[in-house]
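Participant: Before anything else, here's the structure in question.
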Amino acid sequence: MSFPDEATQSELGAGAGPGAPPIVASVDRALANDGGVHPARPVRILVVDDHEGFRSSMVQALDLIPDVEVAGEARSGDEACGIVLTLKPDVVLLDLSMPGMDAMDATRNIRRTNPNSQVVVLSAFDGPQIEQAALAAGAWGLVPKGTPLEDVVGVLLSAAEQQTTP
């Protein structure tokens with residue numbers, strides 16, 4: 001199940017004050033977080049989510065993080081699989097539930113066709129079964145939607161560190 005076309009603030013994430021999109025509201029914390037990984041070059045991220053509002057907020061927030069570069073965005077697993085070879089992102093941030101190809105099939109496809117791209121699954125659902133399925137499909141990890149941006153960035157940077165060297 002994915003977010004409806006018109007998501008509320010609570011559906012987009014936690015930790016924002018009234019009127020501020022939650023993802024963007026936590027950018028200051030992410031920028032101030034100096035205890036994490038700092039790569040030699042920006043980590044290239046492909047953001048994949050069928051909910052345009054969530055995807056757009058995530059892209060805007062990630063664009064503000066110095067260690068991150070948004071390589072592109074996609075609306076589906078099918079679209080992500082089609083552009084991953086062209087964009088060659090370090091990490092694909094992939095929504096669990098989208099129409100068409102599911103996240104597990106997309107993860108397997110991405111890892112098979114471009115093993116240098118790590119996949120982090122983003123899910124509105126939490127639980128060990130979902131995480132185990134994502135890991136079994138080849139994902140580096142799973143992040144629940146609503147996780148503070150600084151933690152999402154930390155996961156993305158850690159996943160990029162685990163890239164296979166060409």
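Each chain in the structure tokens gets a letter, A, B, ..., in the order shown, and its residues are numbered from 1; ligands are numbered from 1 in order too.
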Write out as a ChimeraX atom specification all residues of stretch 22-137 of chain A that DSSP puts in strand (DSSP E) for this structure's backbone.

Facilitator: /A:43-48,68-74,91-95,118-123

Participant: Might you pull out every residue within 8 Å of A:Ala134, with only C-alpha atoms counted and same-chain residues fewer than 3 positions away left off, and present them as number ranges by chain?

Facilitator: A: 103-104, 107, 121, 130-131, 137-139, 141-142

Participant: Write a file of the just-selected residues containing N, CA, C and O atoms, as an mmCIF file, in the first residue's frame.

Facilitator:
data_model
loop_
_atom_site.group_PDB
_atom_site.id
_atom_site.type_symbol
_atom_site.label_atom_id
_atom_site.label_comp_id
_atom_site.auth_asym_id
_atom_site.auth_seq_id
_atom_site.Cartn_x
_atom_site.Cartn_y
_atom_site.Cartn_z
ATOM 1 N N ALA A 103 9.010 -3.639 -5.291
ATOM 2 C CA ALA A 103 10.350 -3.244 -4.850
ATOM 3 C C ALA A 103 11.325 -4.409 -4.827
ATOM 4 O O ALA A 103 12.511 -4.236 -5.097
ATOM 5 N N MET A 104 10.852 -5.595 -4.504
ATOM 6 C CA MET A 104 11.762 -6.744 -4.432
ATOM 7 C C MET A 104 12.266 -7.111 -5.827
ATOM 8 O O MET A 104 13.464 -7.339 -6.019
ATOM 9 N N THR A 107 14.604 -4.376 -6.968
ATOM 10 C CA THR A 107 15.898 -4.497 -6.290
ATOM 11 C C THR A 107 16.755 -5.569 -6.955
ATOM 12 O O THR A 107 17.931 -5.336 -7.264
ATOM 13 N N VAL A 121 15.585 0.293 0.631
ATOM 14 C CA VAL A 121 14.137 0.281 0.474
ATOM 15 C C VAL A 121 13.530 1.209 1.523
ATOM 16 O O VAL A 121 13.906 1.190 2.685
ATOM 17 N N ILE A 130 9.425 -7.778 6.325
ATOM 18 C CA ILE A 130 9.660 -6.886 5.186
ATOM 19 C C ILE A 130 11.157 -6.649 5.026
ATOM 20 O O ILE A 130 11.699 -6.704 3.928
ATOM 21 N N GLU A 131 11.840 -6.400 6.130
ATOM 22 C CA GLU A 131 13.286 -6.173 6.068
ATOM 23 C C GLU A 131 14.013 -7.411 5.549
ATOM 24 O O GLU A 131 14.899 -7.316 4.702
ATOM 25 N N ALA A 137 16.335 -9.909 -1.339
ATOM 26 C CA ALA A 137 16.275 -9.454 -2.732
ATOM 27 C C ALA A 137 17.553 -8.734 -3.157
ATOM 28 O O ALA A 137 17.750 -8.474 -4.334
ATOM 29 N N GLY A 138 18.410 -8.406 -2.176
ATOM 30 C CA GLY A 138 19.675 -7.743 -2.493
ATOM 31 C C GLY A 138 19.779 -6.311 -2.013
ATOM 32 O O GLY A 138 20.765 -5.624 -2.288
ATOM 33 N N ALA A 139 18.759 -5.830 -1.284
ATOM 34 C CA ALA A 139 18.816 -4.464 -0.752
ATOM 35 C C ALA A 139 19.878 -4.373 0.335
ATOM 36 O O ALA A 139 20.143 -5.347 1.049
ATOM 37 N N GLY A 141 19.544 -2.254 2.830
ATOM 38 C CA GLY A 141 18.788 -2.070 4.054
ATOM 39 C C GLY A 141 17.407 -1.527 3.787
ATOM 40 O O GLY A 141 17.013 -1.315 2.643
ATOM 41 N N LEU A 142 16.675 -1.292 4.867
ATOM 42 C CA LEU A 142 15.315 -0.780 4.805
ATOM 43 C C LEU A 142 15.190 0.380 5.773
ATOM 44 O O LEU A 142 15.701 0.307 6.896
#

Participant: Kindly give the distance, in Å, that separates atom CA of A:Pro42 and atom CA of A:Gln132, rounded to a single decimal.

Facilitator: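 Spanning atom CA of A:Pro42 to atom CA of A:Gln132 is a straight-line distance of 28.9 Å.
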
Participant: Using atom CA of A:Pro128 and atom CA of A:Arg111 as the two end points, give the distance in Å to one decimal.

Facilitator: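 Atom-to-atom, atom CA of A:Pro128 and atom CA of A:Arg111 are spaced 21.5 Å apart.
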
Participant: Of the candidates A:Ala61, A:Ala133, A:Val84, A:His51, which one gets nearest to A:Pro148 if we count only C-alpha atoms?

Facilitator: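 Under the stated criterion, the closest residue is A:Ala61.
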
Participant: Which residue is closest to A:Glu79? Choose from A:Ser158, A:Gln118, A:Thr147, A:Asn109 and count only C-alpha atoms.

Facilitator: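 Using only C-alpha atoms, the shortest distance to A:Glu79 belongs to A:Asn109.
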
Participant: Please determine, counting only C-alpha atoms, which residue among A:Val152, A:Met98, A:Ala40, A:Val143 has the shortest atom-to-atom distance to A:Gly77.

Facilitator: A:Met98

Participant: Interatomic distance between atom CA of A:Arg41 and atom CA of A:Val68?

Facilitator: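 Between these atoms lies a distance of 8.4 Å.
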
Participant: So, counting only C-alpha atoms, which residue among A:Trp140, A:Ser76, A:Val70, A:Leu96 is closest to A:Glu52?

Facilitator: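 Among the listed residues, A:Ser76 lies closest to A:Glu52.
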
Participant: As an mmCIF file with all heavy atoms, in the first residue's frame, please: the residues near A:Asp50 (cut-off 8 Å, only C-alpha atoms, same-chain neighbours under 5 positions excluded).

Facilitator:
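This went into result29.cif:
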data_model
loop_
_atom_site.group_PDB
_atom_site.id
_atom_site.type_symbol
_atom_site.label_atom_id
_atom_site.label_comp_id
_atom_site.auth_asym_id
_atom_site.auth_seq_id
_atom_site.Cartn_x
_atom_site.Cartn_y
_atom_site.Cartn_z
ATOM 1 N N SER A 2 0.612 2.177 -0.857
ATOM 2 C CA SER A 2 1.403 3.381 -0.881
ATOM 3 C C SER A 2 0.569 4.562 -0.445
ATOM 4 O O SER A 2 -0.630 4.452 -0.249
ATOM 5 C CB SER A 2 2.008 3.608 -2.256
ATOM 6 O OG SER A 2 1.139 3.258 -3.259
ATOM 7 N N ARG A 55 8.100 12.171 -3.096
ATOM 8 C CA ARG A 55 9.333 12.109 -3.893
ATOM 9 C C ARG A 55 9.932 13.504 -4.054
ATOM 10 O O ARG A 55 11.137 13.710 -3.861
ATOM 11 C CB ARG A 55 9.035 11.478 -5.257
ATOM 12 C CG ARG A 55 10.264 11.207 -6.093
ATOM 13 C CD ARG A 55 9.935 10.564 -7.436
ATOM 14 N NE ARG A 55 9.211 11.477 -8.309
ATOM 15 C CZ ARG A 55 7.955 11.324 -8.710
ATOM 16 N NH1 ARG A 55 7.251 10.286 -8.311
ATOM 17 N NH2 ARG A 55 7.389 12.212 -9.505
ATOM 18 N N ALA A 74 12.490 8.662 -10.120
ATOM 19 C CA ALA A 74 11.620 7.794 -10.911
ATOM 20 C C ALA A 74 10.330 7.566 -10.146
ATOM 21 O O ALA A 74 10.294 7.666 -8.918
ATOM 22 C CB ALA A 74 12.321 6.470 -11.195
ATOM 23 N N ARG A 75 9.270 7.237 -10.895
ATOM 24 C CA ARG A 75 7.942 7.037 -10.317
ATOM 25 C C ARG A 75 7.606 5.577 -10.063
ATOM 26 O O ARG A 75 6.583 5.286 -9.466
ATOM 27 C CB ARG A 75 6.883 7.618 -11.249
ATOM 28 C CG ARG A 75 6.971 9.107 -11.431
ATOM 29 C CD ARG A 75 5.927 9.555 -12.431
ATOM 30 N NE ARG A 75 6.178 8.899 -13.715
ATOM 31 C CZ ARG A 75 6.499 9.509 -14.831
ATOM 32 N NH1 ARG A 75 6.571 10.812 -14.862
ATOM 33 N NH2 ARG A 75 6.731 8.841 -15.932
ATOM 34 N N SER A 76 8.448 4.669 -10.546
ATOM 35 C CA SER A 76 8.128 3.248 -10.411
ATOM 36 C C SER A 76 9.396 2.411 -10.445
ATOM 37 O O SER A 76 10.453 2.884 -10.879
ATOM 38 C CB SER A 76 7.203 2.815 -11.554
ATOM 39 O OG SER A 76 7.901 2.848 -12.783
ATOM 40 N N ASP A 95 10.990 3.083 -2.948
ATOM 41 C CA ASP A 95 9.767 2.861 -2.182
ATOM 42 C C ASP A 95 9.357 1.393 -2.275
ATOM 43 O O ASP A 95 9.466 0.776 -3.338
ATOM 44 C CB ASP A 95 8.651 3.756 -2.727
ATOM 45 C CG ASP A 95 7.366 3.694 -1.914
ATOM 46 O OD1 ASP A 95 7.418 3.370 -0.713
ATOM 47 O OD2 ASP A 95 6.297 3.978 -2.488
ATOM 48 N N MET A 98 4.723 0.239 -4.857
ATOM 49 C CA MET A 98 4.419 1.069 -6.018
ATOM 50 C C MET A 98 3.670 0.223 -7.036
ATOM 51 O O MET A 98 3.775 -0.997 -7.019
ATOM 52 C CB MET A 98 5.710 1.590 -6.656
ATOM 53 C CG MET A 98 6.498 2.542 -5.800
ATOM 54 S SD MET A 98 8.027 3.063 -6.592
ATOM 55 C CE MET A 98 8.985 1.554 -6.516
ATOM 56 N N PRO A 99 2.939 0.877 -7.929
ATOM 57 C CA PRO A 99 2.282 0.100 -8.985
ATOM 58 C C PRO A 99 3.315 -0.488 -9.940
ATOM 59 O O PRO A 99 4.434 0.008 -10.048
ATOM 60 C CB PRO A 99 1.404 1.134 -9.699
ATOM 61 C CG PRO A 99 1.887 2.463 -9.269
ATOM 62 C CD PRO A 99 2.656 2.288 -8.002
#

Participant: Find the residue from A:Leu87, A:Ala80, A:Val155, A:Ala160 that sits nearest to A:Val48; use only C-alpha atoms when measuring.

Facilitator: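 Result for the nearest residue to A:Val48: A:Ala80.
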
Participant: Nearest to A:Val43: which of A:Gly100, A:Pro144, A:Gly72, A:Pro89 is it, counting only C-alpha atoms?

Facilitator: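 The answer is A:Pro89, which sits nearest to A:Val43.
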